[in-house]
Amino acid sequence: RRSWAEPYKIKVVEPLRTTTREERDRAIAEAGWNTFLLHSRDVYIDLLTDSGTSAMSDRQWAGMMLGDEAYAGSVNFYRLEETVQKYYGYKHLVPTHQGRGAENLLSQAAITPGDHVPGNMYFTTTRFHQEKAGATFHDVIIDEAHDTASLHPFKGNIDLDKLQALIDEVGADKIPYVCMAATVNMAGGQPISMENARAVRELTDRHGIKVYLDATRAVENAYFIIEREAGYADKPLAEVLAEFCSYSDGATMSGKKDHLVNIGGWFATNDDELFEEVRNLVVVYEGLHTYGGMAGRDMEAMAIGVEESLDMPYMRSRIGQIQYLGELLERWDIPFVKPVGGHAIFLDARAFYPHLDQEQFPAQTLAANLYADSGIRSMERGIVSAGRDPETGEHRHPKLELTRLTIPRRVYTQAHLDLVAESVKACFDAHDSATGLRLVYEPKYLRFFQARFEPL
Ligand SMILES: CC1=C(O)/C(=C\N=C(/Cc2ccccc2)C(=O)O)C(COP(=O)(O)O)=CN1
């Protein structure tokens with residue numbers, strides 16, 4: 001029935017450990033009801049993140065043996081540089097250890113305190129670095145992105161009127177760049193259309209404003225353009241990606257997603273001056289400009305992963321797995337963000353637990369309950385992830401209170417997804433018994449990673 005069986009077979013397997021309910025009740029309590037604080041050995045199916053959790057191919061593993069670990073001028077850097085130039089089209093590349101490394105460098109080099117950075121919904125680390133560099137982030141995504149029931153095919157789109165209004169309000173000279181994420185993680189892995197990217201380019205060009213792409217899942221975004229946008233059916237992923245990137249001045253990239261590696265990232269730009277500044281800063285934070293916090297072998301594996309990510313049969317099977325899980329949950333009327341996005345199913349925890357207030361942390365509660373039920377690990381993407389408003393100190397209250405079931409690339413099988421659906425259903429059937437959580441420990445930065453909770 002499925003037209004997209006995986007275009008690969010399994011050669012190496014890693015045993016999964018199962019646990020008992022009492023083991024899991026103890027583990028989640030010791031983890032302060034925070035799935036980030038669980039031990040991997042206590043997790044059965046790990047859907048915390050698609051970041052760094054993909055399976056590498058035999059060619060990528062072979063590439064690990066080709067690591068040129070010279071401190072300066074590694075062969076693998078030049079291979080990575082030419083690969084990114086070829087497929088993403090940018091002129092200059094600065095390697096970093098992962099996406100955050102690139103976000104730190106771009107933010108420090110391009111932002112002046114008092115600036116304003118518009119973007120299509122926030123991402124936690126991206127906004128953190130923008131604010132740390134002294135900018136104010138403004139969400140200019142279309143309204144539909146905040147509505148879990150809207151079936152808009154490109155919920156990641158930027159609302160041009162919101163962007164224009166910000167330019168009119170603060171002035172173009174106070175906007176160092178528009179931060180355009182493809183896909184939009186926090187909206188549910190939702191894509192931007194080519195038409196929107198082109199329109200953003202035209203608008204920003206009229207005001208001399210740069211556009212920096214968060215290219216972390218831009219190949220998945222290209223897949224949705226091919227599937228959903230007129231004029232792109234049957235075009236190769238590489239062609240769609242290249243056109244999409246041509247509407248930006250550069251990008252930050254977490255290679256741990258689309259590039260199918262466990263570590264790695266990069267910053268790229270067409271701007272010679274900015275390149276010089278970032279290439280200089282990289283030696284302060286990431287190591288030399290020809291390794292950026294990665295071993296040579298990591299850069300080799302990442303260059304190979306770029307090419308593998310652009311294979312349509314692979315991408316169809318990757319996205320097909322998320323759609324398959326969505327279909328299973330749909331049959332039981334379980335609430336999740338639609339249309340199904342590129343890397344995860346985002347359960348709508350407000351609709352799942354209508355009796356819980358957002359300040360009782362419904363999405364965190366659902367992630368903890370799902371783990372206790374089956375050992376499946378998911379991630380809170382709601383009020384806890386949104387953090388506190390730096391001005392008021394109050395919780396930010398995002399409209400989307402989601403629990404993310406994030407599917408790693410080339411790791412789990414359909415049978416695992418069947419189990420995931422059954423466990424979500426079991427939690428859904430028992431939703432009345434959920435009591436909510438309260439914060440008992442709240443770190444200062446990006447609290448969701450290390451916060452601890454207790455049941456109410
Ligand atoms: C769109 C986008 C991302 O999704 C992204 C990382 N995502 C991650 C990893 C993560 C990061 C922060 C909190 C929880 C989980 C994800 O689980 O979804 C980064 C940072 O990249 P980095 O992790 O390599 O530093 C930049 N942009």
# chains A, B, ... in the order shown; residues from 1 in each chain; ligands from 1

call {"tool": "residues_near_ligand", "arguments": {"ligand": "ligand 1", "cutoff": "9 Å", "atoms": "only C-alpha atoms and all ligand atoms", "output": "compact mmCIF listing (two decimals) with all heavy atoms, in the first residue's frame"}}
result
# COMPACT_ATOMS: atom_id res chain seq x y z
N PHE A 36 14.01 15.65 28.74
CA PHE A 36 15.41 15.94 28.41
C PHE A 36 16.35 15.33 29.45
O PHE A 36 17.55 15.16 29.21
CB PHE A 36 15.68 17.45 28.39
CG PHE A 36 15.35 18.13 27.11
CD1 PHE A 36 14.19 18.87 27.00
CD2 PHE A 36 16.20 18.06 26.02
CE1 PHE A 36 13.88 19.53 25.81
CE2 PHE A 36 15.91 18.71 24.84
CZ PHE A 36 14.74 19.44 24.73
N LEU A 48 12.49 12.26 20.94
CA LEU A 48 12.76 13.59 21.48
C LEU A 48 13.06 14.58 20.37
O LEU A 48 12.58 15.71 20.36
CB LEU A 48 13.96 13.50 22.45
CG LEU A 48 14.35 14.80 23.12
CD1 LEU A 48 13.37 15.15 24.25
CD2 LEU A 48 15.78 14.75 23.68
N THR A 49 13.94 14.14 19.46
CA THR A 49 14.39 15.08 18.43
C THR A 49 14.86 14.33 17.19
O THR A 49 15.25 13.16 17.26
CB THR A 49 15.57 15.94 18.95
OG1 THR A 49 16.01 16.81 17.91
CG2 THR A 49 16.75 15.08 19.41
N ASP A 50 14.85 15.04 16.06
CA ASP A 50 15.47 14.53 14.83
C ASP A 50 16.87 15.11 14.69
O ASP A 50 17.53 14.95 13.67
CB ASP A 50 14.61 14.90 13.60
CG ASP A 50 14.56 16.42 13.37
OD1 ASP A 50 14.59 17.16 14.37
OD2 ASP A 50 14.48 16.85 12.21
N SER A 51 17.33 15.80 15.72
CA SER A 51 18.62 16.50 15.67
C SER A 51 19.75 15.59 16.12
O SER A 51 19.83 15.20 17.30
CB SER A 51 18.58 17.72 16.59
OG SER A 51 19.81 18.42 16.51
N GLY A 52 20.59 15.23 15.14
CA GLY A 52 21.75 14.41 15.46
C GLY A 52 21.43 12.94 15.69
O GLY A 52 22.29 12.16 16.08
N HIS A 97 30.22 23.85 14.93
CA HIS A 97 29.99 22.51 15.50
C HIS A 97 28.54 22.08 15.34
O HIS A 97 28.26 20.89 15.27
CB HIS A 97 30.43 22.46 16.96
CG HIS A 97 29.50 23.16 17.91
ND1 HIS A 97 29.42 24.54 18.02
CD2 HIS A 97 28.61 22.66 18.79
CE1 HIS A 97 28.52 24.84 18.94
NE2 HIS A 97 28.01 23.72 19.43
N GLN A 98 27.62 23.03 15.27
CA GLN A 98 26.20 22.73 15.02
C GLN A 98 25.48 24.03 14.77
O GLN A 98 26.11 25.08 14.64
CB GLN A 98 25.60 21.93 16.18
CG GLN A 98 25.61 22.64 17.54
CD GLN A 98 25.04 21.76 18.63
OE1 GLN A 98 25.65 20.77 19.06
NE2 GLN A 98 23.84 22.08 19.09
N GLY A 99 24.17 24.02 14.68
CA GLY A 99 23.45 25.22 14.27
C GLY A 99 23.65 26.39 15.21
O GLY A 99 23.86 27.52 14.78
N ARG A 100 23.63 26.10 16.53
CA ARG A 100 23.78 27.15 17.53
C ARG A 100 25.08 27.91 17.32
O ARG A 100 25.15 29.13 17.55
CB ARG A 100 23.79 26.53 18.93
CG ARG A 100 22.65 26.93 19.82
CD ARG A 100 22.42 25.87 20.86
NE ARG A 100 21.77 24.69 20.29
CZ ARG A 100 21.37 23.66 21.03
NH1 ARG A 100 21.53 23.67 22.33
NH2 ARG A 100 20.78 22.64 20.47
N GLY A 101 26.12 27.19 16.91
CA GLY A 101 27.41 27.85 16.68
C GLY A 101 27.27 28.90 15.60
O GLY A 101 27.76 30.03 15.73
N ALA A 102 26.55 28.57 14.54
CA ALA A 102 26.35 29.51 13.43
C ALA A 102 25.46 30.66 13.85
O ALA A 102 25.70 31.83 13.50
CB ALA A 102 25.73 28.77 12.24
N GLU A 103 24.44 30.36 14.67
CA GLU A 103 23.53 31.42 15.14
C GLU A 103 24.27 32.42 16.02
O GLU A 103 24.06 33.63 15.94
CB GLU A 103 22.38 30.79 15.92
CG GLU A 103 21.46 29.95 15.05
CD GLU A 103 20.44 29.17 15.85
OE1 GLU A 103 20.64 28.92 17.06
OE2 GLU A 103 19.41 28.82 15.25
N TYR A 122 9.27 32.00 16.25
CA TYR A 122 10.60 31.96 16.89
C TYR A 122 11.11 30.54 16.87
O TYR A 122 10.35 29.56 16.78
CB TYR A 122 10.48 32.48 18.32
CG TYR A 122 10.06 31.42 19.32
CD1 TYR A 122 11.00 30.80 20.14
CD2 TYR A 122 8.73 31.02 19.43
CE1 TYR A 122 10.63 29.81 21.03
CE2 TYR A 122 8.35 30.03 20.33
CZ TYR A 122 9.30 29.43 21.13
OH TYR A 122 8.94 28.45 22.01
N PHE A 123 12.44 30.41 16.94
CA PHE A 123 12.99 29.14 17.40
C PHE A 123 13.82 29.45 18.63
O PHE A 123 14.50 30.47 18.71
CB PHE A 123 13.82 28.40 16.34
CG PHE A 123 14.22 27.06 16.88
CD1 PHE A 123 13.27 26.08 17.07
CD2 PHE A 123 15.52 26.84 17.34
CE1 PHE A 123 13.60 24.86 17.67
CE2 PHE A 123 15.85 25.63 17.93
CZ PHE A 123 14.89 24.64 18.10
N THR A 124 13.83 28.58 19.60
CA THR A 124 14.38 28.86 20.93
C THR A 124 15.82 29.36 20.86
O THR A 124 16.12 30.45 21.33
CB THR A 124 14.33 27.58 21.78
OG1 THR A 124 14.97 26.52 21.04
CG2 THR A 124 12.91 27.17 22.09
N THR A 125 16.73 28.60 20.25
CA THR A 125 18.14 29.02 20.28
C THR A 125 18.39 30.21 19.36
O THR A 125 19.19 31.08 19.64
CB THR A 125 19.05 27.86 19.83
OG1 THR A 125 18.65 27.45 18.52
CG2 THR A 125 18.97 26.69 20.79
N THR A 126 17.64 30.24 18.24
CA THR A 126 17.82 31.33 17.27
C THR A 126 17.46 32.66 17.93
O THR A 126 18.24 33.61 17.90
CB THR A 126 16.92 31.08 16.05
OG1 THR A 126 16.92 29.70 15.71
CG2 THR A 126 17.37 31.91 14.86
N ALA A 181 12.99 30.88 8.44
CA ALA A 181 13.25 29.46 8.75
C ALA A 181 12.47 28.57 7.78
O ALA A 181 11.29 28.82 7.53
CB ALA A 181 12.84 29.15 10.17
N ALA A 182 13.14 27.54 7.26
CA ALA A 182 12.47 26.58 6.36
C ALA A 182 12.89 25.17 6.77
O ALA A 182 14.08 24.88 6.70
CB ALA A 182 12.90 26.83 4.91
N THR A 183 12.03 24.40 7.23
CA THR A 183 10.65 24.58 7.60
C THR A 183 10.59 25.31 8.94
O THR A 183 11.66 25.58 9.54
CB THR A 183 9.97 23.21 7.74
OG1 THR A 183 10.68 22.44 8.74
CG2 THR A 183 9.93 22.46 6.42
N VAL A 184 9.39 25.61 9.41
CA VAL A 184 9.22 26.28 10.71
C VAL A 184 8.94 25.23 11.77
O VAL A 184 7.86 24.66 11.86
CB VAL A 184 8.09 27.32 10.66
CG1 VAL A 184 7.92 28.01 12.02
CG2 VAL A 184 8.37 28.36 9.58
N ASN A 185 9.96 24.99 12.58
CA ASN A 185 9.92 23.93 13.57
C ASN A 185 8.75 24.11 14.53
O ASN A 185 7.89 23.22 14.65
CB ASN A 185 11.25 23.95 14.34
CG ASN A 185 11.44 22.71 15.19
OD1 ASN A 185 10.52 21.94 15.40
ND2 ASN A 185 12.65 22.53 15.69
N MET A 186 8.69 25.27 15.21
CA MET A 186 7.72 25.45 16.29
C MET A 186 6.28 25.52 15.81
O MET A 186 5.35 25.42 16.60
CB MET A 186 8.07 26.71 17.10
CG MET A 186 9.44 26.69 17.73
SD MET A 186 9.72 25.32 18.87
CE MET A 186 8.93 25.92 20.34
N GLY A 189 6.75 22.00 11.93
CA GLY A 189 7.53 21.58 10.75
C GLY A 189 6.87 22.02 9.46
O GLY A 189 6.85 21.29 8.47
N ASP A 214 17.32 30.11 7.85
CA ASP A 214 17.68 29.01 8.73
C ASP A 214 17.38 27.77 7.91
O ASP A 214 16.22 27.38 7.76
CB ASP A 214 16.84 29.05 10.02
CG ASP A 214 17.18 27.86 10.91
OD1 ASP A 214 17.73 26.86 10.40
OD2 ASP A 214 16.89 27.92 12.12
N ALA A 215 18.44 27.19 7.33
CA ALA A 215 18.30 26.14 6.31
C ALA A 215 18.23 24.74 6.91
O ALA A 215 18.28 23.75 6.18
CB ALA A 215 19.46 26.22 5.33
N THR A 216 18.05 24.66 8.21
CA THR A 216 18.12 23.39 8.94
C THR A 216 17.33 22.25 8.32
O THR A 216 17.80 21.11 8.25
CB THR A 216 17.68 23.63 10.40
OG1 THR A 216 18.60 24.54 11.00
CG2 THR A 216 17.59 22.35 11.19
N ARG A 217 16.10 22.55 7.82
CA ARG A 217 15.29 21.50 7.17
C ARG A 217 14.82 22.01 5.79
O ARG A 217 13.71 21.74 5.36
CB ARG A 217 14.10 21.13 8.06
CG ARG A 217 14.55 20.52 9.39
CD ARG A 217 13.39 20.10 10.28
NE ARG A 217 13.82 19.64 11.59
CZ ARG A 217 14.06 20.44 12.63
NH1 ARG A 217 13.92 21.75 12.51
NH2 ARG A 217 14.45 19.95 13.81
N THR A 252 22.18 30.00 8.19
CA THR A 252 22.75 29.20 9.27
C THR A 252 22.19 27.79 9.08
O THR A 252 21.09 27.63 8.53
CB THR A 252 22.33 29.72 10.65
OG1 THR A 252 20.90 29.79 10.72
CG2 THR A 252 22.92 31.12 10.90
N MET A 253 22.97 26.80 9.46
CA MET A 253 22.56 25.41 9.21
C MET A 253 22.94 24.49 10.35
O MET A 253 24.08 24.51 10.81
CB MET A 253 23.28 24.90 7.94
CG MET A 253 22.98 23.46 7.59
SD MET A 253 21.27 23.29 7.05
CE MET A 253 21.06 21.51 7.09
N SER A 254 21.95 23.75 10.83
CA SER A 254 22.24 22.65 11.73
C SER A 254 22.30 21.38 10.89
O SER A 254 21.27 20.84 10.47
CB SER A 254 21.14 22.50 12.79
OG SER A 254 21.36 21.31 13.53
N GLY A 255 23.52 20.91 10.64
CA GLY A 255 23.69 19.71 9.82
C GLY A 255 23.08 18.48 10.47
O GLY A 255 22.88 17.45 9.82
N LYS A 256 22.72 18.62 11.75
CA LYS A 256 22.23 17.46 12.52
C LYS A 256 20.84 17.04 12.08
O LYS A 256 20.33 16.01 12.53
CB LYS A 256 22.24 17.82 14.01
CG LYS A 256 23.65 18.12 14.51
CD LYS A 256 23.67 18.66 15.93
CE LYS A 256 23.41 17.60 16.95
NZ LYS A 256 23.68 18.08 18.32
N LYS A 257 20.21 17.83 11.20
CA LYS A 257 18.90 17.46 10.67
C LYS A 257 19.06 16.98 9.24
O LYS A 257 19.48 15.86 9.01
CB LYS A 257 17.92 18.65 10.77
CG LYS A 257 17.43 18.92 12.19
CD LYS A 257 18.50 19.57 13.02
CE LYS A 257 17.96 20.20 14.28
NZ LYS A 257 19.04 20.77 15.09
N ILE A 263 26.63 15.35 14.27
CA ILE A 263 27.14 16.65 14.75
C ILE A 263 27.58 17.43 13.51
O ILE A 263 27.94 16.84 12.49
CB ILE A 263 28.32 16.44 15.74
CG1 ILE A 263 28.65 17.74 16.48
CG2 ILE A 263 29.55 15.87 15.04
CD1 ILE A 263 27.61 18.18 17.48
N GLY A 264 27.48 18.76 13.63
CA GLY A 264 27.97 19.58 12.51
C GLY A 264 27.00 20.66 12.13
O GLY A 264 25.79 20.57 12.38
N GLY A 265 27.55 21.71 11.55
CA GLY A 265 26.74 22.83 11.10
C GLY A 265 27.60 23.80 10.31
O GLY A 265 28.79 23.56 10.11
N HIS A 343 9.03 16.83 9.97
CA HIS A 343 9.95 16.02 10.77
C HIS A 343 9.29 15.43 12.00
O HIS A 343 9.95 14.69 12.76
CB HIS A 343 11.19 16.82 11.18
CG HIS A 343 10.90 18.03 12.02
ND1 HIS A 343 10.21 19.13 11.56
CD2 HIS A 343 11.22 18.31 13.30
CE1 HIS A 343 10.12 20.02 12.51
NE2 HIS A 343 10.72 19.56 13.59
N MET A 379 9.04 15.56 23.07
CA MET A 379 9.56 16.84 23.56
C MET A 379 8.45 17.88 23.71
O MET A 379 7.61 18.02 22.81
CB MET A 379 10.62 17.40 22.60
CG MET A 379 11.34 18.64 23.16
SD MET A 379 12.29 19.52 21.92
CE MET A 379 13.66 18.39 21.69
N GLU A 380 8.51 18.63 24.80
CA GLU A 380 7.57 19.70 25.05
C GLU A 380 7.90 20.86 24.11
O GLU A 380 9.06 21.26 24.01
CB GLU A 380 7.69 20.18 26.51
CG GLU A 380 6.59 21.11 26.97
CD GLU A 380 6.82 22.61 26.69
OE1 GLU A 380 7.84 23.01 26.09
OE2 GLU A 380 5.93 23.37 27.06
N ARG A 381 6.93 21.36 23.41
CA ARG A 381 7.09 22.52 22.54
C ARG A 381 5.93 23.48 22.81
O ARG A 381 5.10 23.75 21.92
CB ARG A 381 7.13 22.13 21.07
CG ARG A 381 8.26 21.16 20.73
CD ARG A 381 9.59 21.83 20.43
NE ARG A 381 10.29 22.35 21.61
CZ ARG A 381 11.48 22.94 21.53
NH1 ARG A 381 12.06 23.09 20.35
NH2 ARG A 381 12.08 23.39 22.63
N SER A 385 8.90 25.77 26.66
CA SER A 385 9.91 26.10 25.64
C SER A 385 9.89 27.60 25.33
O SER A 385 10.92 28.18 24.99
CB SER A 385 9.63 25.33 24.35
OG SER A 385 9.73 23.94 24.61
N THR A 406 9.10 13.41 17.36
CA THR A 406 10.04 13.75 16.29
C THR A 406 10.68 12.50 15.73
O THR A 406 11.27 11.73 16.49
CB THR A 406 11.15 14.67 16.85
OG1 THR A 406 10.68 15.37 17.99
CG2 THR A 406 11.62 15.62 15.78
N LEU A 446 17.10 29.16 28.44
CA LEU A 446 16.48 28.02 27.71
C LEU A 446 16.04 26.95 28.70
O LEU A 446 16.49 25.80 28.67
CB LEU A 446 17.49 27.47 26.68
CG LEU A 446 17.91 28.48 25.59
CD1 LEU A 446 19.01 27.89 24.73
CD2 LEU A 446 16.73 28.90 24.74
N PHE A 448 13.75 24.93 29.25
CA PHE A 448 13.13 23.64 28.94
C PHE A 448 14.14 22.50 28.96
O PHE A 448 13.81 21.35 29.20
CB PHE A 448 12.43 23.68 27.58
CG PHE A 448 13.32 24.17 26.48
CD1 PHE A 448 14.13 23.30 25.78
CD2 PHE A 448 13.40 25.52 26.19
CE1 PHE A 448 14.99 23.76 24.80
CE2 PHE A 448 14.26 26.00 25.21
CZ PHE A 448 15.06 25.12 24.51
N PHE A 449 15.44 22.83 28.74
CA PHE A 449 16.43 21.74 28.69
C PHE A 449 16.60 21.09 30.07
O PHE A 449 16.79 19.90 30.19
CB PHE A 449 17.80 22.29 28.28
CG PHE A 449 17.98 22.53 26.81
CD1 PHE A 449 18.32 23.79 26.32
CD2 PHE A 449 17.82 21.49 25.89
CE1 PHE A 449 18.51 24.00 24.94
CE2 PHE A 449 18.03 21.71 24.53
CZ PHE A 449 18.35 22.97 24.07

call {"tool": "residues_around", "arguments": {"residues": "range 156-172 of chain A", "least_positions_apart": "5", "cutoff": "8 Å", "atoms": "only C-alpha atoms", "output": "PyMOL selection string"}}
result
chain A and resi 116+118-120+140-143+145+181-184+187+190-193+196-197+199-200+203+207-209

call {"tool": "select_by_dssp", "arguments": {"residues": "range 338-407 of chain A", "states": "helix (DSSP H, G or I)", "output": "PyMOL selection string"}}
result
chain A and resi 349-352+358-360+362-374+383-386

call {"tool": "write_last_selection", "arguments": {"atoms": "C-alpha atoms", "output": "CSV table (one decimal), in the first residue's frame"}}
result
chain,number,residue,atom,x,y,z
A,349,ALA,CA,-1.7,19.2,24.2
A,350,ARG,CA,-4.4,21.8,24.9
A,351,ALA,CA,-7.0,19.8,23.0
A,352,PHE,CA,-5.6,16.6,24.5
A,358,GLN,CA,-1.5,26.3,30.1
A,359,GLU,CA,0.3,27.2,33.4
A,360,GLN,CA,-0.2,23.6,34.5
A,362,PRO,CA,-0.1,20.4,29.4
A,363,ALA,CA,2.5,19.6,26.8
A,364,GLN,CA,5.1,18.7,29.5
A,365,THR,CA,2.5,16.6,31.2
A,366,LEU,CA,1.7,14.7,28.0
A,367,ALA,CA,5.4,14.1,27.2
A,368,ALA,CA,5.9,12.6,30.8
A,369,ASN,CA,2.7,10.5,30.6
A,370,LEU,CA,3.6,9.1,27.2
A,371,TYR,CA,7.0,8.1,28.5
A,372,ALA,CA,5.5,6.5,31.6
A,373,ASP,CA,3.0,4.6,29.4
A,374,SER,CA,5.5,3.1,26.9
A,383,ILE,CA,4.8,27.4,27.3
A,384,VAL,CA,8.0,25.8,28.9
A,385,SER,CA,9.9,26.1,25.6
A,386,ALA,CA,8.6,29.7,25.1

call {"tool": "closest_residue", "arguments": {"among": "A:Tyr88, A:Trp332, A:Trp4, A:Phe361", "to": "Asp429 in chain A", "atoms": "only C-alpha atoms"}}
result
A:Trp332

call {"tool": "atom_distance", "arguments": {"atom1": "CA of Leu329 in chain A", "atom2": "CA of Lys425 in chain A"}}
result
7.6 Å

call {"tool": "atom_distance", "arguments": {"atom1": "CA of Glu276 in chain A", "atom2": "CA of Lys91 in chain A"}}
result
12.2 Å

call {"tool": "closest_residue", "arguments": {"among": "A:Val420, A:Val75, A:Val219, A:Ile345", "to": "Asp311 in chain A", "atoms": "only C-alpha atoms"}}
result
A:Val219

call {"tool": "atom_distance", "arguments": {"atom1": "CA of Cys427 in chain A", "atom2": "CA of Ala451 in chain A"}}
result
23.1 Å

call {"tool": "closest_residue", "arguments": {"among": "A:Glu243, A:Glu22, A:Glu144, A:Glu30", "to": "Met121 in chain A", "atoms": "only C-alpha atoms"}}
result
A:Glu144

call {"tool": "residues_around", "arguments": {"residues": "Gly63 in chain A", "least_positions_apart": "2", "cutoff": "6 Å", "atoms": "only C-alpha atoms", "output": "ChimeraX atom specification"}}
result
/A:60-61,65-66,300-301

call {"tool": "write_last_selection", "arguments": {"atoms": "N, CA and C atoms", "output": "tab-separated table (two decimals), in the first residue's frame"}}
result
chain	number	residue	atom	x	y	z
A	60	GLN	N	28.65	7.13	4.46
A	60	GLN	CA	29.07	8.13	5.45
A	60	GLN	C	30.03	7.52	6.45
A	61	TRP	N	29.74	6.27	6.88
A	61	TRP	CA	30.66	5.59	7.81
A	61	TRP	C	32.02	5.40	7.15
A	65	MET	N	36.45	7.23	7.81
A	65	MET	CA	37.84	6.76	7.73
A	65	MET	C	38.68	7.70	6.87
A	66	LEU	N	38.05	8.63	6.18
A	66	LEU	CA	38.79	9.55	5.30
A	66	LEU	C	38.99	10.90	5.98
A	300	GLU	N	33.51	15.28	6.50
A	300	GLU	CA	33.39	14.35	5.35
A	300	GLU	C	32.01	13.70	5.35
A	301	ALA	N	31.60	13.22	6.54
A	301	ALA	CA	30.29	12.56	6.66
A	301	ALA	C	29.18	13.55	6.31

call {"tool": "closest_atom_pairs", "arguments": {"of": "range 127-179 of chain A", "to": "range 387-398 of chain A", "cutoff": "12 Å", "atoms": "only C-alpha atoms", "output": "Markdown table"}}
result
| residue | atom | partner | partner_atom | distance |
| --- | --- | --- | --- | --- |
| A:Arg127 | CA | A:Gly387 | CA | 11.1 |
| A:Phe128 | CA | A:Gly387 | CA | 10.2 |
| A:Glu131 | CA | A:Pro390 | CA | 9.2 |
| A:Lys132 | CA | A:Pro390 | CA | 10.8 |
| A:Gly134 | CA | A:Pro390 | CA | 11.6 |
| A:Ala135 | CA | A:Pro390 | CA | 11.8 |
| A:Thr136 | CA | A:Pro390 | CA | 10.2 |
| A:Phe137 | CA | A:Asp389 | CA | 11.4 |
| A:Asp139 | CA | A:Pro398 | CA | 11.4 |
| A:Ala145 | CA | A:Pro398 | CA | 11.5 |
| A:His146 | CA | A:Pro398 | CA | 8.4 |
| A:Asp147 | CA | A:Pro398 | CA | 11.0 |

call {"tool": "residues_around", "arguments": {"residues": "Leu456 in chain A", "least_positions_apart": "5", "cutoff": "10 Å", "atoms": "only C-alpha atoms", "output": "list of chain:residue names"}}
result
A:Gln360, A:Ala434, A:Thr435, A:Gly436, A:Leu437, A:Arg438, A:Leu439

call {"tool": "write_last_selection", "arguments": {"atoms": "all heavy atoms", "output": "PDB file, in the first residue's frame"}}
result
ATOM      1  N   GLN A 360      -0.400  24.876  33.856  1.00  0.00           N
ATOM      2  CA  GLN A 360      -0.207  23.561  34.482  1.00  0.00           C
ATOM      3  C   GLN A 360       0.617  22.669  33.546  1.00  0.00           C
ATOM      4  O   GLN A 360       0.743  21.475  33.760  1.00  0.00           O
ATOM      5  CB  GLN A 360      -1.574  22.928  34.784  1.00  0.00           C
ATOM      6  CG  GLN A 360      -2.350  23.700  35.860  1.00  0.00           C
ATOM      7  CD  GLN A 360      -3.771  23.177  36.020  1.00  0.00           C
ATOM      8  OE1 GLN A 360      -4.469  22.950  35.031  1.00  0.00           O
ATOM      9  NE2 GLN A 360      -4.191  22.984  37.263  1.00  0.00           N
ATOM     10  N   ALA A 434      -5.160  13.067  33.808  1.00  0.00           N
ATOM     11  CA  ALA A 434      -3.943  13.907  33.844  1.00  0.00           C
ATOM     12  C   ALA A 434      -4.150  15.062  34.817  1.00  0.00           C
ATOM     13  O   ALA A 434      -5.203  15.714  34.814  1.00  0.00           O
ATOM     14  CB  ALA A 434      -3.649  14.446  32.453  1.00  0.00           C
ATOM     15  N   THR A 435      -3.144  15.325  35.672  1.00  0.00           N
ATOM     16  CA  THR A 435      -3.341  16.354  36.706  1.00  0.00           C
ATOM     17  C   THR A 435      -2.504  17.607  36.459  1.00  0.00           C
ATOM     18  O   THR A 435      -2.650  18.599  37.136  1.00  0.00           O
ATOM     19  CB  THR A 435      -2.898  15.783  38.079  1.00  0.00           C
ATOM     20  OG1 THR A 435      -1.519  15.376  37.945  1.00  0.00           O
ATOM     21  CG2 THR A 435      -3.756  14.589  38.476  1.00  0.00           C
ATOM     22  N   GLY A 436      -1.550  17.578  35.541  1.00  0.00           N
ATOM     23  CA  GLY A 436      -0.721  18.766  35.327  1.00  0.00           C
ATOM     24  C   GLY A 436       0.510  18.761  36.224  1.00  0.00           C
ATOM     25  O   GLY A 436       0.657  17.918  37.112  1.00  0.00           O
ATOM     26  N   LEU A 437       1.396  19.716  35.975  1.00  0.00           N
ATOM     27  CA  LEU A 437       2.681  19.781  36.684  1.00  0.00           C
ATOM     28  C   LEU A 437       2.916  21.182  37.201  1.00  0.00           C
ATOM     29  O   LEU A 437       2.299  22.143  36.740  1.00  0.00           O
ATOM     30  CB  LEU A 437       3.829  19.420  35.711  1.00  0.00           C
ATOM     31  CG  LEU A 437       3.862  18.000  35.155  1.00  0.00           C
ATOM     32  CD1 LEU A 437       4.843  17.917  33.974  1.00  0.00           C
ATOM     33  CD2 LEU A 437       4.270  17.000  36.238  1.00  0.00           C
ATOM     34  N   ARG A 438       3.855  21.278  38.157  1.00  0.00           N
ATOM     35  CA  ARG A 438       4.326  22.609  38.558  1.00  0.00           C
ATOM     36  C   ARG A 438       5.843  22.617  38.510  1.00  0.00           C
ATOM     37  O   ARG A 438       6.494  21.576  38.720  1.00  0.00           O
ATOM     38  CB  ARG A 438       3.806  22.958  39.956  1.00  0.00           C
ATOM     39  CG  ARG A 438       4.293  22.061  41.056  1.00  0.00           C
ATOM     40  CD  ARG A 438       3.581  22.369  42.387  1.00  0.00           C
ATOM     41  NE  ARG A 438       3.942  21.403  43.401  1.00  0.00           N
ATOM     42  CZ  ARG A 438       5.072  21.461  44.118  1.00  0.00           C
ATOM     43  NH1 ARG A 438       5.912  22.483  43.913  1.00  0.00           N
ATOM     44  NH2 ARG A 438       5.364  20.525  45.003  1.00  0.00           N
ATOM     45  N   LEU A 439       6.411  23.806  38.218  1.00  0.00           N
ATOM     46  CA  LEU A 439       7.860  23.964  38.124  1.00  0.00           C
ATOM     47  C   LEU A 439       8.456  23.918  39.527  1.00  0.00           C
ATOM     48  O   LEU A 439       7.967  24.605  40.421  1.00  0.00           O
ATOM     49  CB  LEU A 439       8.191  25.335  37.520  1.00  0.00           C
ATOM     50  CG  LEU A 439       8.460  25.421  36.018  1.00  0.00           C
ATOM     51  CD1 LEU A 439       8.466  26.883  35.574  1.00  0.00           C
ATOM     52  CD2 LEU A 439       9.795  24.794  35.680  1.00  0.00           C
TER      53      LEU A 439
END
